[in-house]
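Colleague: Pasting upload_0.cif here (mmCIF, N, CA and C atoms):
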```cif
data_work
loop_
_atom_site.label_atom_id
_atom_site.label_comp_id
_atom_site.auth_asym_id
_atom_site.auth_seq_id
_atom_site.Cartn_x
_atom_site.Cartn_y
_atom_site.Cartn_z
N MET A 27 -19.27 88.33 -55.78
CA MET A 27 -19.55 87.12 -55.09
C MET A 27 -20.63 87.31 -54.03
N LYS A 28 -20.75 88.46 -53.68
CA LYS A 28 -21.74 88.71 -52.66
C LYS A 28 -23.14 88.63 -53.23
N ASN A 29 -23.25 88.70 -54.54
CA ASN A 29 -24.55 88.66 -55.14
C ASN A 29 -25.10 87.22 -55.24
N ARG A 30 -24.26 86.34 -55.18
CA ARG A 30 -24.70 84.93 -55.26
C ARG A 30 -25.36 84.53 -53.97
N PRO A 31 -26.40 83.68 -54.10
CA PRO A 31 -27.00 83.23 -52.85
C PRO A 31 -26.09 82.18 -52.18
N HIS A 32 -26.11 82.23 -50.93
CA HIS A 32 -25.24 81.31 -50.18
C HIS A 32 -25.87 79.91 -50.22
N PHE A 33 -25.05 78.94 -50.69
CA PHE A 33 -25.52 77.56 -50.77
C PHE A 33 -25.04 76.85 -49.53
N ARG A 34 -25.98 76.38 -48.79
CA ARG A 34 -25.63 75.67 -47.57
C ARG A 34 -25.75 74.18 -47.82
N PRO A 35 -24.67 73.43 -47.61
CA PRO A 35 -24.75 72.00 -47.86
C PRO A 35 -25.71 71.32 -46.88
N ASN A 36 -26.37 70.31 -47.42
CA ASN A 36 -27.30 69.53 -46.61
C ASN A 36 -26.48 68.67 -45.66
N PRO A 37 -26.81 68.63 -44.39
CA PRO A 37 -26.01 67.83 -43.46
C PRO A 37 -26.13 66.33 -43.75
N TYR A 38 -27.15 65.93 -44.43
CA TYR A 38 -27.33 64.50 -44.73
C TYR A 38 -26.68 64.09 -46.05
N TYR A 39 -26.13 65.07 -46.78
CA TYR A 39 -25.52 64.78 -48.07
C TYR A 39 -24.33 63.81 -47.93
N GLY A 40 -23.49 64.01 -46.96
CA GLY A 40 -22.34 63.13 -46.70
C GLY A 40 -22.81 61.71 -46.35
N ASP A 41 -23.87 61.69 -45.53
CA ASP A 41 -24.43 60.38 -45.16
C ASP A 41 -25.00 59.67 -46.41
N LEU A 42 -25.62 60.46 -47.29
CA LEU A 42 -26.19 59.91 -48.51
C LEU A 42 -25.08 59.33 -49.41
N GLU A 43 -23.98 60.04 -49.54
CA GLU A 43 -22.86 59.54 -50.34
C GLU A 43 -22.30 58.24 -49.75
N ARG A 44 -22.14 58.24 -48.44
CA ARG A 44 -21.65 57.02 -47.78
C ARG A 44 -22.64 55.87 -47.97
N MET A 45 -23.94 56.19 -47.89
CA MET A 45 -24.97 55.18 -48.07
C MET A 45 -24.93 54.62 -49.49
N GLU A 46 -24.74 55.48 -50.48
CA GLU A 46 -24.62 55.02 -51.88
C GLU A 46 -23.41 54.12 -52.05
N ALA A 47 -22.31 54.47 -51.44
CA ALA A 47 -21.09 53.66 -51.53
C ALA A 47 -21.34 52.29 -50.87
N VAL A 48 -21.99 52.30 -49.72
CA VAL A 48 -22.28 51.05 -49.02
C VAL A 48 -23.24 50.20 -49.85
N MET A 49 -24.26 50.83 -50.46
CA MET A 49 -25.22 50.10 -51.28
C MET A 49 -24.54 49.52 -52.52
N SER A 50 -23.61 50.26 -53.10
CA SER A 50 -22.86 49.76 -54.27
C SER A 50 -22.01 48.55 -53.88
N ILE A 51 -21.36 48.64 -52.74
CA ILE A 51 -20.55 47.51 -52.24
C ILE A 51 -21.45 46.31 -51.95
N LEU A 52 -22.60 46.58 -51.32
CA LEU A 52 -23.55 45.51 -51.01
C LEU A 52 -24.05 44.84 -52.29
N HIS A 53 -24.37 45.64 -53.30
CA HIS A 53 -24.82 45.07 -54.58
C HIS A 53 -23.72 44.20 -55.19
N ASN A 54 -22.50 44.70 -55.19
CA ASN A 54 -21.37 43.92 -55.74
C ASN A 54 -21.18 42.61 -54.97
N LEU A 55 -21.32 42.67 -53.64
CA LEU A 55 -21.18 41.46 -52.83
C LEU A 55 -22.31 40.47 -53.12
N GLU A 56 -23.53 40.99 -53.30
CA GLU A 56 -24.64 40.11 -53.63
C GLU A 56 -24.43 39.43 -54.99
N MET A 57 -23.95 40.19 -55.96
CA MET A 57 -23.68 39.62 -57.29
C MET A 57 -22.57 38.56 -57.19
N GLU A 58 -21.54 38.86 -56.43
CA GLU A 58 -20.44 37.91 -56.24
C GLU A 58 -20.95 36.66 -55.51
N ASN A 59 -21.81 36.86 -54.51
CA ASN A 59 -22.38 35.74 -53.76
C ASN A 59 -23.21 34.85 -54.69
N THR A 60 -24.01 35.46 -55.57
CA THR A 60 -24.82 34.70 -56.52
C THR A 60 -23.91 33.89 -57.46
N GLU A 61 -22.87 34.52 -57.95
CA GLU A 61 -21.92 33.83 -58.84
C GLU A 61 -21.23 32.67 -58.12
N ILE A 62 -20.81 32.92 -56.89
CA ILE A 62 -20.16 31.86 -56.10
C ILE A 62 -21.14 30.72 -55.84
N HIS A 63 -22.39 31.04 -55.55
CA HIS A 63 -23.41 30.02 -55.31
C HIS A 63 -23.61 29.16 -56.57
N GLU A 64 -23.68 29.82 -57.74
CA GLU A 64 -23.82 29.08 -59.01
C GLU A 64 -22.61 28.19 -59.26
N ASN A 65 -21.41 28.73 -59.02
CA ASN A 65 -20.20 27.92 -59.20
C ASN A 65 -20.17 26.74 -58.23
N ASN A 66 -20.62 26.99 -57.00
CA ASN A 66 -20.67 25.93 -55.99
C ASN A 66 -21.63 24.83 -56.45
N HIS A 67 -22.78 25.23 -56.99
CA HIS A 67 -23.76 24.26 -57.48
C HIS A 67 -23.17 23.44 -58.64
N LYS A 68 -22.48 24.11 -59.56
CA LYS A 68 -21.84 23.40 -60.68
C LYS A 68 -20.79 22.42 -60.16
N LEU A 69 -20.01 22.86 -59.18
CA LEU A 69 -18.97 21.98 -58.62
C LEU A 69 -19.60 20.77 -57.92
N LYS A 70 -20.72 20.98 -57.23
CA LYS A 70 -21.40 19.86 -56.60
C LYS A 70 -21.88 18.86 -57.64
N LYS A 71 -22.39 19.37 -58.77
CA LYS A 71 -22.81 18.48 -59.86
C LYS A 71 -21.63 17.69 -60.40
N GLU A 72 -20.50 18.38 -60.59
CA GLU A 72 -19.30 17.69 -61.09
C GLU A 72 -18.81 16.64 -60.10
N ILE A 73 -18.85 16.97 -58.81
CA ILE A 73 -18.43 16.01 -57.79
C ILE A 73 -19.34 14.79 -57.81
N THR A 74 -20.64 15.04 -57.90
CA THR A 74 -21.60 13.92 -57.96
C THR A 74 -21.35 13.08 -59.19
N PHE A 75 -21.13 13.73 -60.33
CA PHE A 75 -20.83 13.01 -61.57
C PHE A 75 -19.56 12.18 -61.42
N SER A 76 -18.52 12.80 -60.83
CA SER A 76 -17.25 12.09 -60.65
C SER A 76 -17.41 10.89 -59.72
N ARG A 77 -18.18 11.06 -58.66
CA ARG A 77 -18.42 9.95 -57.74
C ARG A 77 -19.17 8.82 -58.44
N ASN A 78 -20.19 9.19 -59.20
CA ASN A 78 -20.94 8.18 -59.94
C ASN A 78 -20.05 7.48 -60.96
N LEU A 79 -19.22 8.27 -61.64
CA LEU A 79 -18.30 7.69 -62.62
C LEU A 79 -17.32 6.75 -61.94
N LEU A 80 -16.80 7.17 -60.80
CA LEU A 80 -15.88 6.31 -60.06
C LEU A 80 -16.58 5.03 -59.63
N SER A 81 -17.80 5.15 -59.15
CA SER A 81 -18.56 3.95 -58.75
C SER A 81 -18.77 3.03 -59.94
N GLN A 82 -19.12 3.60 -61.08
CA GLN A 82 -19.32 2.79 -62.28
C GLN A 82 -18.03 2.11 -62.71
N LEU A 83 -16.92 2.85 -62.65
CA LEU A 83 -15.63 2.25 -63.03
C LEU A 83 -15.24 1.13 -62.07
N LEU A 84 -15.46 1.33 -60.79
CA LEU A 84 -15.15 0.29 -59.82
C LEU A 84 -16.03 -0.94 -60.05
N MET A 85 -17.31 -0.71 -60.34
CA MET A 85 -18.23 -1.81 -60.61
C MET A 85 -17.80 -2.55 -61.88
N GLU A 86 -17.43 -1.79 -62.91
CA GLU A 86 -16.98 -2.41 -64.16
C GLU A 86 -15.71 -3.22 -63.94
N ASN A 87 -14.79 -2.68 -63.14
CA ASN A 87 -13.55 -3.40 -62.84
C ASN A 87 -13.85 -4.69 -62.09
N THR A 88 -14.75 -4.62 -61.13
CA THR A 88 -15.15 -5.81 -60.38
C THR A 88 -15.78 -6.84 -61.31
N CYS A 89 -16.65 -6.37 -62.19
CA CYS A 89 -17.30 -7.29 -63.14
C CYS A 89 -16.28 -7.94 -64.07
N ARG A 90 -15.30 -7.17 -64.51
CA ARG A 90 -14.26 -7.73 -65.38
C ARG A 90 -13.46 -8.80 -64.65
N LYS A 91 -13.16 -8.53 -63.37
CA LYS A 91 -12.42 -9.52 -62.59
C LYS A 91 -13.22 -10.81 -62.44
N LYS A 92 -14.54 -10.67 -62.28
CA LYS A 92 -15.39 -11.86 -62.16
C LYS A 92 -15.60 -12.52 -63.51
N LEU A 93 -15.48 -11.74 -64.58
CA LEU A 93 -15.74 -12.25 -65.92
C LEU A 93 -14.60 -13.14 -66.42
N VAL A 94 -13.39 -12.88 -66.00
CA VAL A 94 -12.24 -13.66 -66.48
C VAL A 94 -12.40 -15.15 -66.17
N PRO A 95 -12.67 -15.53 -64.90
CA PRO A 95 -12.85 -16.97 -64.64
C PRO A 95 -14.07 -17.54 -65.36
N LEU A 96 -15.12 -16.73 -65.50
CA LEU A 96 -16.32 -17.21 -66.19
C LEU A 96 -16.03 -17.46 -67.67
N LYS A 97 -15.22 -16.60 -68.28
CA LYS A 97 -14.85 -16.82 -69.68
C LYS A 97 -14.03 -18.10 -69.82
N GLN A 98 -13.10 -18.31 -68.88
CA GLN A 98 -12.30 -19.52 -68.91
C GLN A 98 -13.19 -20.75 -68.75
N GLU A 99 -14.12 -20.67 -67.80
CA GLU A 99 -15.04 -21.78 -67.57
C GLU A 99 -15.91 -22.01 -68.81
N SER A 100 -16.33 -20.93 -69.44
CA SER A 100 -17.15 -21.03 -70.65
C SER A 100 -16.36 -21.72 -71.77
N LYS A 101 -15.07 -21.37 -71.90
CA LYS A 101 -14.24 -22.02 -72.92
C LYS A 101 -14.13 -23.52 -72.64
N GLU A 102 -13.96 -23.86 -71.36
CA GLU A 102 -13.86 -25.27 -71.00
C GLU A 102 -15.16 -26.00 -71.29
N VAL A 103 -16.28 -25.36 -70.99
CA VAL A 103 -17.58 -25.98 -71.24
C VAL A 103 -17.79 -26.16 -72.74
N HIS A 104 -17.42 -25.16 -73.53
CA HIS A 104 -17.55 -25.28 -74.99
C HIS A 104 -16.67 -26.40 -75.52
N LEU A 105 -15.47 -26.51 -74.98
CA LEU A 105 -14.57 -27.58 -75.39
C LEU A 105 -15.16 -28.94 -75.03
N ASP A 106 -15.67 -29.06 -73.80
CA ASP A 106 -16.31 -30.31 -73.39
C ASP A 106 -17.50 -30.64 -74.28
N CYS A 107 -18.29 -29.62 -74.60
CA CYS A 107 -19.46 -29.81 -75.46
C CYS A 107 -19.04 -30.28 -76.84
N ALA A 108 -17.99 -29.67 -77.39
CA ALA A 108 -17.51 -30.08 -78.71
C ALA A 108 -17.00 -31.52 -78.68
N LEU A 109 -16.28 -31.86 -77.62
CA LEU A 109 -15.79 -33.24 -77.49
C LEU A 109 -16.95 -34.22 -77.37
N ASN A 110 -17.96 -33.87 -76.57
CA ASN A 110 -19.13 -34.74 -76.43
C ASN A 110 -19.85 -34.91 -77.76
N GLN A 111 -19.97 -33.83 -78.53
CA GLN A 111 -20.61 -33.93 -79.84
C GLN A 111 -19.81 -34.86 -80.76
N LYS A 112 -18.48 -34.72 -80.71
CA LYS A 112 -17.63 -35.59 -81.54
C LYS A 112 -17.81 -37.05 -81.13
N TYR A 113 -17.80 -37.30 -79.81
CA TYR A 113 -18.00 -38.67 -79.35
C TYR A 113 -19.37 -39.21 -79.77
N LEU A 114 -20.39 -38.37 -79.67
CA LEU A 114 -21.73 -38.81 -80.08
C LEU A 114 -21.78 -39.12 -81.57
N VAL A 115 -21.16 -38.27 -82.38
CA VAL A 115 -21.14 -38.52 -83.83
C VAL A 115 -20.41 -39.83 -84.12
N ASP A 116 -19.25 -40.01 -83.48
CA ASP A 116 -18.50 -41.25 -83.68
C ASP A 116 -19.30 -42.46 -83.19
N PHE A 117 -19.93 -42.32 -82.05
CA PHE A 117 -20.73 -43.41 -81.50
C PHE A 117 -21.89 -43.75 -82.43
N ASN A 118 -22.57 -42.73 -82.95
CA ASN A 118 -23.68 -42.97 -83.87
C ASN A 118 -23.19 -43.66 -85.14
N LYS A 119 -22.02 -43.26 -85.64
CA LYS A 119 -21.48 -43.92 -86.84
C LYS A 119 -21.20 -45.39 -86.56
N LYS A 120 -20.56 -45.67 -85.40
CA LYS A 120 -20.25 -47.06 -85.05
C LYS A 120 -21.53 -47.85 -84.86
N ASP A 121 -22.52 -47.23 -84.21
CA ASP A 121 -23.80 -47.91 -83.97
C ASP A 121 -24.49 -48.22 -85.30
N LYS A 122 -24.47 -47.27 -86.22
CA LYS A 122 -25.10 -47.51 -87.52
C LYS A 122 -24.35 -48.60 -88.29
N ASP A 123 -23.01 -48.58 -88.19
CA ASP A 123 -22.22 -49.61 -88.87
C ASP A 123 -22.53 -51.00 -88.31
N GLN A 124 -22.73 -51.08 -87.00
CA GLN A 124 -23.03 -52.37 -86.39
C GLN A 124 -24.44 -52.83 -86.71
N GLN A 125 -25.36 -51.90 -86.85
CA GLN A 125 -26.75 -52.26 -87.14
C GLN A 125 -26.98 -52.56 -88.61
N ARG A 126 -26.10 -52.11 -89.50
CA ARG A 126 -26.26 -52.33 -90.92
C ARG A 126 -26.12 -53.81 -91.23
N PRO A 127 -27.10 -54.41 -91.90
CA PRO A 127 -26.99 -55.84 -92.21
C PRO A 127 -25.96 -56.07 -93.31
N ASP A 128 -25.34 -57.23 -93.22
CA ASP A 128 -24.35 -57.62 -94.22
C ASP A 128 -25.09 -57.92 -95.52
N PRO A 129 -24.67 -57.36 -96.66
CA PRO A 129 -25.41 -57.60 -97.90
C PRO A 129 -25.47 -59.08 -98.26
N ALA A 130 -24.41 -59.85 -98.03
CA ALA A 130 -24.41 -61.28 -98.38
C ALA A 130 -25.39 -62.04 -97.48
N SER A 131 -25.39 -61.73 -96.21
CA SER A 131 -26.27 -62.45 -95.29
C SER A 131 -27.72 -62.05 -95.49
N SER A 132 -27.97 -60.82 -95.91
CA SER A 132 -29.36 -60.42 -96.12
C SER A 132 -29.95 -61.14 -97.32
N GLY A 133 -29.14 -61.40 -98.34
CA GLY A 133 -29.61 -62.18 -99.49
C GLY A 133 -29.93 -63.60 -99.10
N LEU A 134 -29.10 -64.19 -98.24
CA LEU A 134 -29.30 -65.54 -97.78
C LEU A 134 -30.59 -65.64 -96.97
N ARG A 135 -30.84 -64.62 -96.15
CA ARG A 135 -32.07 -64.62 -95.36
C ARG A 135 -33.29 -64.59 -96.27
N LYS A 136 -33.23 -63.80 -97.33
CA LYS A 136 -34.35 -63.73 -98.27
C LYS A 136 -34.59 -65.08 -98.93
N CYS A 137 -33.47 -65.71 -99.29
CA CYS A 137 -33.59 -67.02 -99.93
C CYS A 137 -34.18 -68.04 -98.97
N LYS A 138 -33.78 -68.02 -97.73
CA LYS A 138 -34.29 -68.98 -96.75
C LYS A 138 -35.78 -68.75 -96.54
N ARG A 139 -36.20 -67.50 -96.51
CA ARG A 139 -37.62 -67.20 -96.33
C ARG A 139 -38.43 -67.73 -97.52
N ALA A 140 -37.85 -67.63 -98.68
CA ALA A 140 -38.56 -68.08 -99.89
C ALA A 140 -38.45 -69.59 -100.07
N GLY A 141 -37.62 -70.26 -99.28
CA GLY A 141 -37.45 -71.70 -99.39
C GLY A 141 -36.43 -72.07 -100.46
N ILE A 142 -35.63 -71.12 -100.89
CA ILE A 142 -34.61 -71.37 -101.91
C ILE A 142 -33.26 -71.40 -101.23
N GLY A 143 -32.39 -72.24 -101.68
CA GLY A 143 -31.03 -72.25 -101.17
C GLY A 143 -30.74 -73.47 -100.36
N HIS A 144 -29.62 -73.50 -99.73
CA HIS A 144 -29.13 -74.65 -98.97
C HIS A 144 -29.88 -74.75 -97.65
N THR A 145 -30.43 -75.89 -97.37
CA THR A 145 -31.07 -76.15 -96.10
C THR A 145 -30.36 -77.33 -95.48
N PRO A 146 -30.29 -77.42 -94.18
CA PRO A 146 -29.55 -78.51 -93.54
C PRO A 146 -30.13 -79.87 -93.84
N GLY A 147 -31.40 -80.00 -94.12
CA GLY A 147 -32.00 -81.30 -94.39
C GLY A 147 -31.62 -81.85 -95.75
N ARG A 148 -31.24 -81.04 -96.66
CA ARG A 148 -30.95 -81.48 -98.02
C ARG A 148 -29.50 -81.19 -98.33
N GLU A 149 -28.86 -82.11 -98.94
CA GLU A 149 -27.45 -81.93 -99.26
C GLU A 149 -27.31 -81.54 -100.72
N LEU A 150 -26.29 -80.75 -100.94
CA LEU A 150 -26.01 -80.34 -102.32
C LEU A 150 -25.21 -81.43 -103.03
N PRO A 151 -25.47 -81.60 -104.30
CA PRO A 151 -24.70 -82.61 -105.03
C PRO A 151 -23.26 -82.17 -105.18
N GLU A 152 -22.39 -83.14 -105.16
CA GLU A 152 -20.98 -82.83 -105.29
C GLU A 152 -20.63 -82.75 -106.75
N GLU A 153 -19.75 -81.93 -107.07
CA GLU A 153 -19.37 -81.79 -108.45
C GLU A 153 -18.01 -82.32 -108.68
#
```
Please lay out the structure from this file as structure tokens.
Modeller:
Amino acid sequence: MKNRPHFRPNPYYGDLERMEAVMSILHNLEMENTEIHENNHKLKKEITFSRNLLSQLLMENTCRKKLVPLKQESKEVHLDCALNQKYLVDFNKKDKDQQRPDPASSGLRKCKRAGIGHTPGRELPEE
């Protein structure tokens, strides 16, 4: 053993080992911090999405509540419109019936215009 050269440890070797351990821990913490930051960013996106979704659902619910009376009013308007159309059709039929000349009287008018037929000045012979 005496033939071997004496190896003297470097006084900074212990410090170097501690420094490597600290650097390894620091690297692990940085990686964990990056992962946490990414997860935080994803969670913020999900929160924003959820808030927007909630806002949209609330808006849709409000619109549906406003839509119910409008649908009822629309049904009433359609019913009124249908009734008005029916009345107009009936009125037009009655008006056309009243304006239609009587076939017997129209023939008499033609005869009077032509000078044929019974006139008040001339009497018909009795049979």
Colleague: Quick one, how far is atom N of Met85 in chain A from CA of Glu102 in chain A?
Modeller: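 Going from atom N of Met85 in chain A over to CA of Glu102 in chain A covers 27.0 Å.
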Colleague: If you measure from CA of Gln125 in chain A to CA of Lys112 in chain A, what distance in Å do you get, rounded to one decimal?
Modeller: 19.8 Å
Colleague: For CA of Val48 in chain A and CA of Asn65 in chain A, determine how far apart the two atoms are, in Å to one decimal place.
Modeller: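 Here the two named atoms are 25.4 Å from each other.
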